[in-house]
Amino acid sequence: MIVTSTNTIEGREVLRYFDPISTTAVIGANALSEIGASFVDFFGGRSRNYENKLQELYKSVVESLKQNARSYRADAVIGFSVNIDELSGKGTQMFMITAIGTPVLLNEIKHIQAEAVSGDIDGSVIKNKVYTRTSILYF
């Protein structure tokens, strides 16, 4: 399933938009992680432990969003966005990731091969070709 932050998918046409969906995941930071993070905070650098936890949460919400979209029988989720927050208080610290997007039903756009024409083309030829092509698309 395609999950994209864009509102369109190249080569595909949106046939139906469903109501936006969201999912949230929360994970607690354990005491050892917080001790390691305090050293990183004091001395500088990156906290691999927190980065790994955030990556785990990100994968979880993307997969949950895909499963939620599948329940609509959607082909893709467009307008995907993620919000990451820290929840702390009373001696605890947790991370929360919320993902949102719009499930859509897609149709593949059929590309019509252009014909090679030699010589001059008058307006009636173009008019007939345009009419023929649009008739095929609607019937």
# chains A, B, ... in the order shown; residues from 1 in each chain; ligands from 1
>>> residues_around(residues="stretch 1-18 of chain A", least_positions_apart="4", cutoff="8 Å", atoms="only C-alpha atoms", output="PDB file with N, CA, C and O atoms, in the first residue's frame")
ATOM      1  N   LYS A  66      -1.853   1.819   7.725  1.00  0.00           N
ATOM      2  CA  LYS A  66      -2.087   0.979   6.544  1.00  0.00           C
ATOM      3  C   LYS A  66      -3.211  -0.024   6.820  1.00  0.00           C
ATOM      4  O   LYS A  66      -4.100  -0.227   5.979  1.00  0.00           O
ATOM      5  N   TYR A  72     -11.029  -0.035   4.872  1.00  0.00           N
ATOM      6  CA  TYR A  72     -11.873   0.697   3.927  1.00  0.00           C
ATOM      7  C   TYR A  72     -11.733   0.138   2.504  1.00  0.00           C
ATOM      8  O   TYR A  72     -12.366   0.631   1.585  1.00  0.00           O
ATOM      9  N   ASP A  75      -6.636   1.793  -1.553  1.00  0.00           N
ATOM     10  CA  ASP A  75      -5.406   1.419  -2.237  1.00  0.00           C
ATOM     11  C   ASP A  75      -4.195   2.182  -1.718  1.00  0.00           C
ATOM     12  O   ASP A  75      -3.058   1.752  -1.898  1.00  0.00           O
ATOM     13  N   ALA A  76      -4.445   3.352  -1.119  1.00  0.00           N
ATOM     14  CA  ALA A  76      -3.333   4.206  -0.681  1.00  0.00           C
ATOM     15  C   ALA A  76      -3.814   5.142   0.413  1.00  0.00           C
ATOM     16  O   ALA A  76      -5.011   5.295   0.649  1.00  0.00           O
ATOM     17  N   VAL A  77      -2.836   5.778   1.067  1.00  0.00           N
ATOM     18  CA  VAL A  77      -3.104   6.842   2.037  1.00  0.00           C
ATOM     19  C   VAL A  77      -2.349   8.063   1.540  1.00  0.00           C
ATOM     20  O   VAL A  77      -1.130   8.012   1.354  1.00  0.00           O
ATOM     21  N   ILE A  78      -3.087   9.152   1.307  1.00  0.00           N
ATOM     22  CA  ILE A  78      -2.447  10.384   0.842  1.00  0.00           C
ATOM     23  C   ILE A  78      -2.519  11.446   1.941  1.00  0.00           C
ATOM     24  O   ILE A  78      -3.270  11.290   2.903  1.00  0.00           O
ATOM     25  N   GLY A  79      -1.740  12.503   1.800  1.00  0.00           N
ATOM     26  CA  GLY A  79      -1.738  13.573   2.800  1.00  0.00           C
ATOM     27  C   GLY A  79      -1.194  13.114   4.140  1.00  0.00           C
ATOM     28  O   GLY A  79      -1.544  13.650   5.188  1.00  0.00           O
ATOM     29  N   PHE A  80      -0.300  12.137   4.119  1.00  0.00           N
ATOM     30  CA  PHE A  80       0.257  11.535   5.341  1.00  0.00           C
ATOM     31  C   PHE A  80       1.099  12.556   6.102  1.00  0.00           C
ATOM     32  O   PHE A  80       1.919  13.264   5.521  1.00  0.00           O
ATOM     33  N   SER A  81       0.879  12.643   7.395  1.00  0.00           N
ATOM     34  CA  SER A  81       1.727  13.479   8.250  1.00  0.00           C
ATOM     35  C   SER A  81       1.889  12.818   9.606  1.00  0.00           C
ATOM     36  O   SER A  81       1.058  12.018  10.032  1.00  0.00           O
ATOM     37  N   THR A 102      -5.370  10.374   4.563  1.00  0.00           N
ATOM     38  CA  THR A 102      -6.667  10.137   3.937  1.00  0.00           C
ATOM     39  C   THR A 102      -6.595   8.890   3.067  1.00  0.00           C
ATOM     40  O   THR A 102      -5.830   8.859   2.095  1.00  0.00           O
ATOM     41  N   PRO A 103      -7.351   7.844   3.407  1.00  0.00           N
ATOM     42  CA  PRO A 103      -7.380   6.655   2.555  1.00  0.00           C
ATOM     43  C   PRO A 103      -8.142   6.961   1.263  1.00  0.00           C
ATOM     44  O   PRO A 103      -9.137   7.683   1.281  1.00  0.00           O
ATOM     45  N   VAL A 104      -7.639   6.424   0.158  1.00  0.00           N
ATOM     46  CA  VAL A 104      -8.265   6.665  -1.143  1.00  0.00           C
ATOM     47  C   VAL A 104      -8.334   5.385  -1.951  1.00  0.00           C
ATOM     48  O   VAL A 104      -7.530   4.477  -1.777  1.00  0.00           O
ATOM     49  N   LEU A 105      -9.320   5.357  -2.825  1.00  0.00           N
ATOM     50  CA  LEU A 105      -9.455   4.286  -3.807  1.00  0.00           C
ATOM     51  C   LEU A 105      -8.916   4.836  -5.115  1.00  0.00           C
ATOM     52  O   LEU A 105      -9.289   5.931  -5.533  1.00  0.00           O
ATOM     53  N   LEU A 106      -8.014   4.096  -5.756  1.00  0.00           N
ATOM     54  CA  LEU A 106      -7.323   4.586  -6.943  1.00  0.00           C
ATOM     55  C   LEU A 106      -7.732   3.841  -8.204  1.00  0.00           C
ATOM     56  O   LEU A 106      -8.167   2.698  -8.156  1.00  0.00           O
ATOM     57  N   ASN A 107      -7.535   4.506  -9.314  1.00  0.00           N
ATOM     58  CA  ASN A 107      -7.719   3.922 -10.633  1.00  0.00           C
ATOM     59  C   ASN A 107      -6.466   4.252 -11.428  1.00  0.00           C
ATOM     60  O   ASN A 107      -5.960   5.360 -11.345  1.00  0.00           O
ATOM     61  N   GLU A 108      -5.992   3.297 -12.184  1.00  0.00           N
ATOM     62  CA  GLU A 108      -4.819   3.554 -13.006  1.00  0.00           C
ATOM     63  C   GLU A 108      -5.228   4.361 -14.228  1.00  0.00           C
ATOM     64  O   GLU A 108      -6.231   4.065 -14.870  1.00  0.00           O
ATOM     65  N   ILE A 109      -4.477   5.406 -14.518  1.00  0.00           N
ATOM     66  CA  ILE A 109      -4.754   6.232 -15.688  1.00  0.00           C
ATOM     67  C   ILE A 109      -4.208   5.524 -16.912  1.00  0.00           C
ATOM     68  O   ILE A 109      -3.049   5.127 -16.949  1.00  0.00           O
TER      69      ILE A 109
END
>>> residues_around(residues="A:Phe95", least_positions_apart="5", cutoff="9 Å", atoms="only C-alpha atoms", output="number ranges by chain")
A: 25-29, 53-54, 57, 84-88
>>> residues_around(residues="A:Asn83", least_positions_apart="4", cutoff="10 Å", atoms="only C-alpha atoms", output="number ranges by chain")
A: 24, 58, 96-100
>>> write_last_selection(atoms="N, CA and C atoms", output="short mmCIF file (atom, residue, chain, number, x, y, z; two decimals), in the first residue's frame")
data_model
loop_
_atom_site.label_atom_id
_atom_site.label_comp_id
_atom_site.auth_asym_id
_atom_site.auth_seq_id
_atom_site.Cartn_x
_atom_site.Cartn_y
_atom_site.Cartn_z
N THR A 24 -2.32 6.49 16.90
CA THR A 24 -1.38 7.02 17.88
C THR A 24 -0.69 5.86 18.58
N TYR A 58 7.47 5.08 14.93
CA TYR A 58 7.13 5.51 13.57
C TYR A 58 6.66 4.33 12.73
N MET A 96 5.06 10.03 22.20
CA MET A 96 3.82 9.74 21.50
C MET A 96 3.96 10.19 20.04
N ILE A 97 3.59 9.31 19.13
CA ILE A 97 3.59 9.65 17.70
C ILE A 97 2.17 9.47 17.19
N THR A 98 1.66 10.50 16.52
CA THR A 98 0.35 10.46 15.91
C THR A 98 0.53 10.60 14.40
N ALA A 99 -0.08 9.71 13.66
CA ALA A 99 -0.03 9.75 12.19
C ALA A 99 -1.45 9.95 11.67
N ILE A 100 -1.57 10.73 10.61
CA ILE A 100 -2.88 10.98 10.01
C ILE A 100 -2.74 10.96 8.49
#
>>> atom_distance(atom1="atom CA of A:Arg73", atom2="atom CA of A:Glu56")
25.8 Å
>>> closest_residue(among="A:Met94, A:Gly89, A:Arg70, A:Leu65", to="A:Ile21", atoms="only C-alpha atoms")
A:Leu65
